[in-house]
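Visitor: Quick one: structure below, then a few questions.
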Amino acid sequence: MKYLFIVAVIVIFGISKSVQVTDQQYASMPDLFYLDNFDKCMLYGDRALFCSFRYTLEPIDGQNVSEVWKIIQNVTSHIANYQHNQLRHQICVTTTCHDVRKAHENDPTLKRELEDCYNKKYTELGLKGTIKELSCETANSRYSVDWLDIISGIFFILYASFILYATFYESVARYKSPEEYRRLTSTPKGVILSSCSLVRSWIKLKTVNWTPEVEKLRCIQGLRFYNIGLVVLSHTVLTYLAVPTSNTKYPENMHQSNGVLFFSSGPLCVGTFFFISSFLLSQSLFEYLSDKKGINMKMYIFAMANRFFRLVPTVFFVVLFHATWLRHFGAGPFWHDFIGEEFRKCRKNGWSNVLFLNNFVDKYNMCLPTTWYLALDTQFFAFGILYIGFIKKYEKYVWPILGTTMLLNMTATFLQNLYYDFPALIFPTAELQYKLEGLTHNFQFYTQIAGHIGNFGGYLNGIGFGYYYQKNKNKKIFNTKFRVFVWWMSTFVLALSYIFITSLIFFRWSVERSPRWASLYVAVSRPLFTFVIGIGLLGFTEGVGWLALRVLQWSPLYVLGRLNFSVYLIHLSFALIRLAYWRYPVYVSDYVMRYFEERSQITKRICFIPDVSTFLLHLQGLLEMVGIVTATTFFSDMVVSYIGGAVLTLCIEMPVAELQKRFFSLPEKEKPETESKEQ
């Protein structure tokens with residue numbers, strides 16, 4: 001314990017080593033990012049040629065290199081920095097390189113002439129280079145309308161027309177007598193049309209059938225809403241770092257901001273999603289199996305078919321849109337990099353998203369990358385039903401079964417991380433964030449963070465807490481002041497401390513990385529965090545929590561929580577469009593970059609108590625990190641995502657759920673309750 005304490009103190013108060021380069025030296029390097037005016041370039045019509053490329057620098061004389069090249073080597077040598085020998089430029093060839101003739105991007109003449117133009121530009125710095133990843137735009141769009149676009153366009157128009165007709169039919173029927181309304185909506189045609197009515201779906205969306213059971217679990221919709229908010233916030237932050245920045249020193253120094261520790265704890269956030277999903281599945285299934293011995297094949301097939309019937313149509317619509325018409329919605333310097341890339345992935349692998357196999361099929365080129373969660377959750381769902389059935393069959397050994405499974409999972413997570421020698425967390429380096437390529441093609445991300453082994457601990461916790469809640473929902477655990485105090489400490493103090501302290505240990509460049517400690521952290525992090533979430537959830541169901549409970553039980557959240565599936569599915573579309581429409585390097589947060597060390601020293605001088613000083617620095621870092629994204633950007637992302645999610649829910653998700661209930665449900669006494677509570 002003494003050794004661990006000394007290591008923790010050294011880590012927490014250690015200062016990260018960074019490359020020592022003066023501001024003047026840094027400014028002498030060629031611009032890492034450069035963008036010409038894309039829209040002005042397109043005004044040249046037939047002469048318009050806008051090209052994006054990487055210009056890889058090297059010294060003209062390898063034996064006598066220039067001072068600028070030495071600075072570039074020095075800055076690039078630090079893993080947290082951009083590769084400043086790889087210039088990312090996007091130029092209007094028509095005006096920037098006058099001597100270059102217009103040609104197709106695959107024409108070697110164009111590449112050679114652009115290299116000559118740039119070599120002349122950097123000769124005085126003792127540098128030359130080669131052009132890679134050349135991509136050019138002209139006044140004519142590179143994306144033509146093809147047969148799949150036409151078919152999908154007709155399909156979208158016909159479906160929208162059908163929804164409007166169904167809404168008109170059902171709305172007119174509402175003005176008739178109750179008997180006539182029931183008659184019109186009880187025929188096969190009436191059932192289909194009334195199920196697809198926007199008015200009927202809207203009424204169902206905002207209507208809550210309050211029961212004692214619904215009231216106790218009301219906080220879950222709040223947890224879902226705020227968890228989705230964290231997902232949108234993290235993706236909004238990433239969009240600012242995925243495009244060229246005008247102040248490149250900020251992304252290179254962001255590892256010094258303690259606020260990044262919070263945003264790098266994404267696996268814990270996703271683990272909460274898995275916990276909630278399995279908690280509701282477990283609670284509802286154990287309630288259904290209360291007078292049964294186990295799960296039969298008929299019930300299992302029904303549960304799987306029910307899930308696919310509810311989720312597949314919504315996923316199909318979004319994937320089809322990404323694979324067809326999304327690419328026709330605009331143009332810009334980054335349109336080909338983000339929207340074009342998404343289009344190509346969805347054309348090739350979109351079918352795997354619909355079958356929830358996208359985390360197996362060419363996962364590094366995944367259409368809708370965030371849907372790895374839906375695929376993994378569906379696969380956990382298929383296993384979870386069988387696992388719960390096994391627990392029910394041997395119910396008297398429920399806790400040894402759960403404990404043994406958890407121990408095996410943690411051991412497997414530890415060995416997996418140790419085998420691949422993964423760090424405890426993916427360090428948020430500048431190059432990793434740029435264009436999101438470092439994340440979407442990251443082996444550790446898909447193997448560990450988005451993998452089955454790493455996430456199963458949170459899912460197991462959900463099953464255990466769901467079982468405990470179902471068996472003890474009429475009892476109160478936190479019935480003394482001491483227990484309530486323990487609940488407060490574990491739910492808030494322990495959970496937040498766990499995020500910051502453990503992250504601080506592994507987020508210091510100056511500390512030698514230990515594969516065993518990193519693997520131990522990965523093995524226990526998500527199971528321990530979701531266990532704390534489970535303790536918090538049990539307390540909320542018993543009315544503990546004061547203001548926190550009121551925040552979770554705020555009435556609008558129960559309705560907004562019903563939109564979470566569609567919001568999660570569609571929010572990436574809006575983020576990609578915003579990225580693709582970017583025109584100039586973005587100014588991230590020069591205030592954080594320039595005054596971080598000065599304010600840190602001021603805080604330390606003001607506060608003489610080391611622990612309080614450290615806490616204030618961490619709080620300051622978190623506020624600085626949140627300050628990257630203005631309130632208007634984050635809230636606009638949330639508003640747009642929920643508007644889009646509401647449209648998707650009302651037009652597709654709810655009509656499909658209503659049709660499933662009317663035509664494909666088992667008799668009520670045989671029907672499990674998973675479909676209404678699991679998502």
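Simple scheme: letters A, B, ... for chains in structure tokens order, numbers from 1 for residues in each chain, numbers from 1 for ligands in the order shown.
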So which residues touch Leu376 in chain A within 12 Å, counting only C-alpha atoms, skipping near sequence neighbours fewer than 3 positions away, as a ChimeraX atom specification?

Guide: /A:270-271,273-274,277,353,355-360,370-373,379-384,446,449-456,459

Visitor: Have a look at A:Glu542, A:Ile154, A:Glu170, A:Phe482 and name the one nearest to Arg182 in chain A; count only C-alpha atoms.

Guide: A:Glu170

Visitor: Out of range 70-266 of chain A, which residues get alpha helix (DSSP H) from DSSP, as a ChimeraX atom specification?

Guide: /A:70-76,93-96,108-122,147-174,178-186,188-195,198-206,212-216,219-242,249-253,259-263,266

Visitor: The selected residues should be written to file as a short mmCIF file (atom, residue, chain, number, x, y, z; two decimals), in the first residue's frame (atoms: C-alpha atoms).

Guide:
data_model
loop_
_atom_site.label_atom_id
_atom_site.label_comp_id
_atom_site.auth_asym_id
_atom_site.auth_seq_id
_atom_site.Cartn_x
_atom_site.Cartn_y
_atom_site.Cartn_z
CA LYS A 70 15.42 20.26 -37.45
CA ILE A 71 12.47 22.00 -35.77
CA ILE A 72 10.03 19.83 -37.72
CA GLN A 73 11.86 16.69 -36.63
CA ASN A 74 11.93 17.87 -33.03
CA VAL A 75 8.20 18.65 -32.86
CA THR A 76 7.18 15.53 -34.79
CA VAL A 93 -5.18 25.00 -58.19
CA THR A 94 -6.63 27.59 -60.56
CA THR A 95 -5.29 30.47 -58.43
CA THR A 96 -2.58 28.98 -56.19
CA PRO A 108 0.26 11.48 -63.09
CA THR A 109 0.88 14.79 -64.85
CA LEU A 110 -1.31 16.62 -62.33
CA LYS A 111 0.54 15.11 -59.39
CA ARG A 112 3.95 15.93 -60.88
CA GLU A 113 3.04 19.53 -61.67
CA LEU A 114 1.60 20.09 -58.20
CA GLU A 115 4.81 18.73 -56.67
CA ASP A 116 6.84 21.15 -58.82
CA CYS A 117 4.64 24.05 -57.70
CA TYR A 118 5.09 23.18 -54.02
CA ASN A 119 8.78 22.40 -54.31
CA LYS A 120 9.34 25.92 -55.64
CA LYS A 121 7.38 27.30 -52.71
CA TYR A 122 9.53 25.60 -50.04
CA TRP A 147 -30.04 3.17 -60.19
CA LEU A 148 -29.98 2.55 -56.43
CA ASP A 149 -30.47 6.26 -55.77
CA ILE A 150 -33.51 6.26 -58.04
CA ILE A 151 -35.03 3.14 -56.47
CA SER A 152 -34.43 4.36 -52.92
CA GLY A 153 -35.74 7.82 -53.80
CA ILE A 154 -38.97 6.31 -55.11
CA PHE A 155 -39.18 4.15 -52.00
CA PHE A 156 -38.71 7.15 -49.65
CA ILE A 157 -41.35 9.19 -51.51
CA LEU A 158 -43.86 6.32 -51.56
CA TYR A 159 -43.34 5.61 -47.87
CA ALA A 160 -43.72 9.29 -46.94
CA SER A 161 -46.89 9.45 -49.02
CA PHE A 162 -48.22 6.35 -47.30
CA ILE A 163 -47.54 7.82 -43.84
CA LEU A 164 -49.34 11.05 -44.80
CA TYR A 165 -52.30 9.09 -46.20
CA ALA A 166 -52.45 6.93 -43.05
CA THR A 167 -52.39 10.07 -40.91
CA PHE A 168 -55.20 11.64 -42.97
CA TYR A 169 -57.29 8.44 -42.81
CA GLU A 170 -56.94 8.04 -39.04
CA SER A 171 -57.39 11.78 -38.36
CA VAL A 172 -60.64 11.89 -40.33
CA ALA A 173 -61.87 8.81 -38.46
CA ARG A 174 -61.29 10.63 -35.17
CA PRO A 178 -66.32 6.31 -31.09
CA GLU A 179 -68.20 3.32 -32.50
CA GLU A 180 -67.48 4.39 -36.09
CA TYR A 181 -63.81 5.07 -35.22
CA ARG A 182 -63.43 1.58 -33.76
CA ARG A 183 -65.09 0.06 -36.81
CA LEU A 184 -62.85 1.92 -39.27
CA THR A 185 -59.66 1.09 -37.38
CA SER A 186 -60.45 -2.57 -36.64
CA PRO A 188 -57.12 -5.11 -41.64
CA LYS A 189 -56.76 -1.92 -43.68
CA GLY A 190 -57.76 0.23 -40.70
CA VAL A 191 -55.31 -1.52 -38.38
CA ILE A 192 -52.40 -0.89 -40.76
CA LEU A 193 -53.33 2.72 -41.48
CA SER A 194 -54.09 3.66 -37.88
CA SER A 195 -50.83 2.07 -36.72
CA LEU A 198 -48.45 10.31 -37.12
CA VAL A 199 -51.23 11.64 -34.88
CA ARG A 200 -51.74 8.27 -33.21
CA SER A 201 -47.98 7.76 -32.81
CA TRP A 202 -47.57 11.24 -31.30
CA ILE A 203 -50.34 10.59 -28.77
CA LYS A 204 -48.75 7.26 -27.82
CA LEU A 205 -45.32 8.87 -27.55
CA LYS A 206 -46.40 11.49 -25.02
CA PRO A 212 -46.26 1.81 -9.33
CA GLU A 213 -43.75 -0.28 -11.30
CA VAL A 214 -43.29 2.38 -13.98
CA GLU A 215 -42.89 5.05 -11.30
CA LYS A 216 -40.15 3.10 -9.52
CA CYS A 219 -35.29 7.19 -13.38
CA ILE A 220 -33.99 4.84 -16.08
CA GLN A 221 -35.31 7.07 -18.87
CA GLY A 222 -33.43 9.95 -17.26
CA LEU A 223 -30.25 7.88 -17.14
CA ARG A 224 -30.69 7.07 -20.83
CA PHE A 225 -31.24 10.71 -21.77
CA TYR A 226 -28.18 12.03 -19.94
CA ASN A 227 -26.08 9.14 -21.21
CA ILE A 228 -27.10 9.99 -24.77
CA GLY A 229 -26.17 13.59 -23.98
CA LEU A 230 -22.66 12.46 -23.04
CA VAL A 231 -22.38 10.50 -26.29
CA VAL A 232 -23.46 13.50 -28.37
CA LEU A 233 -21.13 15.79 -26.39
CA SER A 234 -18.13 13.53 -26.94
CA HIS A 235 -18.86 13.28 -30.65
CA THR A 236 -19.28 17.06 -30.86
CA VAL A 237 -15.83 17.46 -29.29
CA LEU A 238 -14.40 14.97 -31.78
CA THR A 239 -15.80 16.95 -34.72
CA TYR A 240 -13.78 19.97 -33.61
CA LEU A 241 -10.62 17.88 -33.53
CA ALA A 242 -11.30 15.92 -36.73
CA LYS A 249 -0.74 23.64 -30.53
CA TYR A 250 -4.00 23.08 -28.69
CA PRO A 251 -4.70 19.55 -30.00
CA GLU A 252 -1.03 18.79 -29.39
CA ASN A 253 -1.27 19.96 -25.77
CA GLY A 259 -10.64 17.60 -18.61
CA VAL A 260 -9.61 15.13 -21.31
CA LEU A 261 -9.65 12.42 -18.63
CA PHE A 262 -13.42 12.76 -18.42
CA PHE A 263 -13.96 12.47 -22.17
CA GLY A 266 -16.14 6.70 -22.94
#

Visitor: Report as a PDB file with N, CA and C atoms, in the first residue's frame all protein, DNA and RNA residues lying within 12 Å of Arg550 in chain A, evaluated on only C-alpha atoms, omitting residues in the same chain fewer than 4 positions from it.

Guide:
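Output file around32.pdb is given in full below:
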ATOM      1  N   ARG A 218     -38.800   4.879 -13.242  1.00  0.00           N
ATOM      2  CA  ARG A 218     -38.870   6.095 -14.050  1.00  0.00           C
ATOM      3  C   ARG A 218     -37.505   6.740 -14.256  1.00  0.00           C
ATOM      4  N   CYS A 219     -36.614   6.563 -13.298  1.00  0.00           N
ATOM      5  CA  CYS A 219     -35.295   7.188 -13.376  1.00  0.00           C
ATOM      6  C   CYS A 219     -34.460   6.649 -14.532  1.00  0.00           C
ATOM      7  N   GLY A 222     -34.332   8.832 -17.504  1.00  0.00           N
ATOM      8  CA  GLY A 222     -33.431   9.954 -17.263  1.00  0.00           C
ATOM      9  C   GLY A 222     -31.977   9.557 -17.460  1.00  0.00           C
ATOM     10  N   LEU A 223     -31.611   8.368 -16.944  1.00  0.00           N
ATOM     11  CA  LEU A 223     -30.248   7.880 -17.143  1.00  0.00           C
ATOM     12  C   LEU A 223     -29.934   7.743 -18.626  1.00  0.00           C
ATOM     13  N   PHE A 540     -32.218   4.898  -6.290  1.00  0.00           N
ATOM     14  CA  PHE A 540     -33.214   5.739  -6.964  1.00  0.00           C
ATOM     15  C   PHE A 540     -34.588   5.073  -6.963  1.00  0.00           C
ATOM     16  N   THR A 541     -34.630   3.762  -7.137  1.00  0.00           N
ATOM     17  CA  THR A 541     -35.930   3.078  -7.144  1.00  0.00           C
ATOM     18  C   THR A 541     -36.603   3.118  -5.774  1.00  0.00           C
ATOM     19  N   GLY A 543     -36.418   5.852  -3.875  1.00  0.00           N
ATOM     20  CA  GLY A 543     -36.694   7.251  -3.567  1.00  0.00           C
ATOM     21  C   GLY A 543     -35.533   7.998  -2.968  1.00  0.00           C
ATOM     22  N   VAL A 544     -34.353   7.377  -2.906  1.00  0.00           N
ATOM     23  CA  VAL A 544     -33.164   8.049  -2.387  1.00  0.00           C
ATOM     24  C   VAL A 544     -32.566   8.895  -3.513  1.00  0.00           C
ATOM     25  N   GLY A 545     -31.978  10.035  -3.152  1.00  0.00           N
ATOM     26  CA  GLY A 545     -31.296  10.814  -4.164  1.00  0.00           C
ATOM     27  C   GLY A 545     -31.608  12.293  -4.166  1.00  0.00           C
ATOM     28  N   TRP A 546     -32.670  12.713  -3.502  1.00  0.00           N
ATOM     29  CA  TRP A 546     -33.029  14.129  -3.377  1.00  0.00           C
ATOM     30  C   TRP A 546     -33.028  14.808  -4.741  1.00  0.00           C
ATOM     31  N   TRP A 554     -37.468  14.002 -14.042  1.00  0.00           N
ATOM     32  CA  TRP A 554     -38.123  15.138 -14.687  1.00  0.00           C
ATOM     33  C   TRP A 554     -39.059  14.618 -15.774  1.00  0.00           C
ATOM     34  N   SER A 555     -40.295  15.030 -15.757  1.00  0.00           N
ATOM     35  CA  SER A 555     -41.338  14.438 -16.601  1.00  0.00           C
ATOM     36  C   SER A 555     -40.984  14.384 -18.088  1.00  0.00           C
ATOM     37  N   PRO A 556     -40.466  15.471 -18.705  1.00  0.00           N
ATOM     38  CA  PRO A 556     -40.158  15.386 -20.139  1.00  0.00           C
ATOM     39  C   PRO A 556     -39.149  14.294 -20.495  1.00  0.00           C
ATOM     40  N   LEU A 557     -38.301  13.908 -19.532  1.00  0.00           N
ATOM     41  CA  LEU A 557     -37.277  12.919 -19.837  1.00  0.00           C
ATOM     42  C   LEU A 557     -37.876  11.552 -20.114  1.00  0.00           C
TER      43      LEU A 557
END
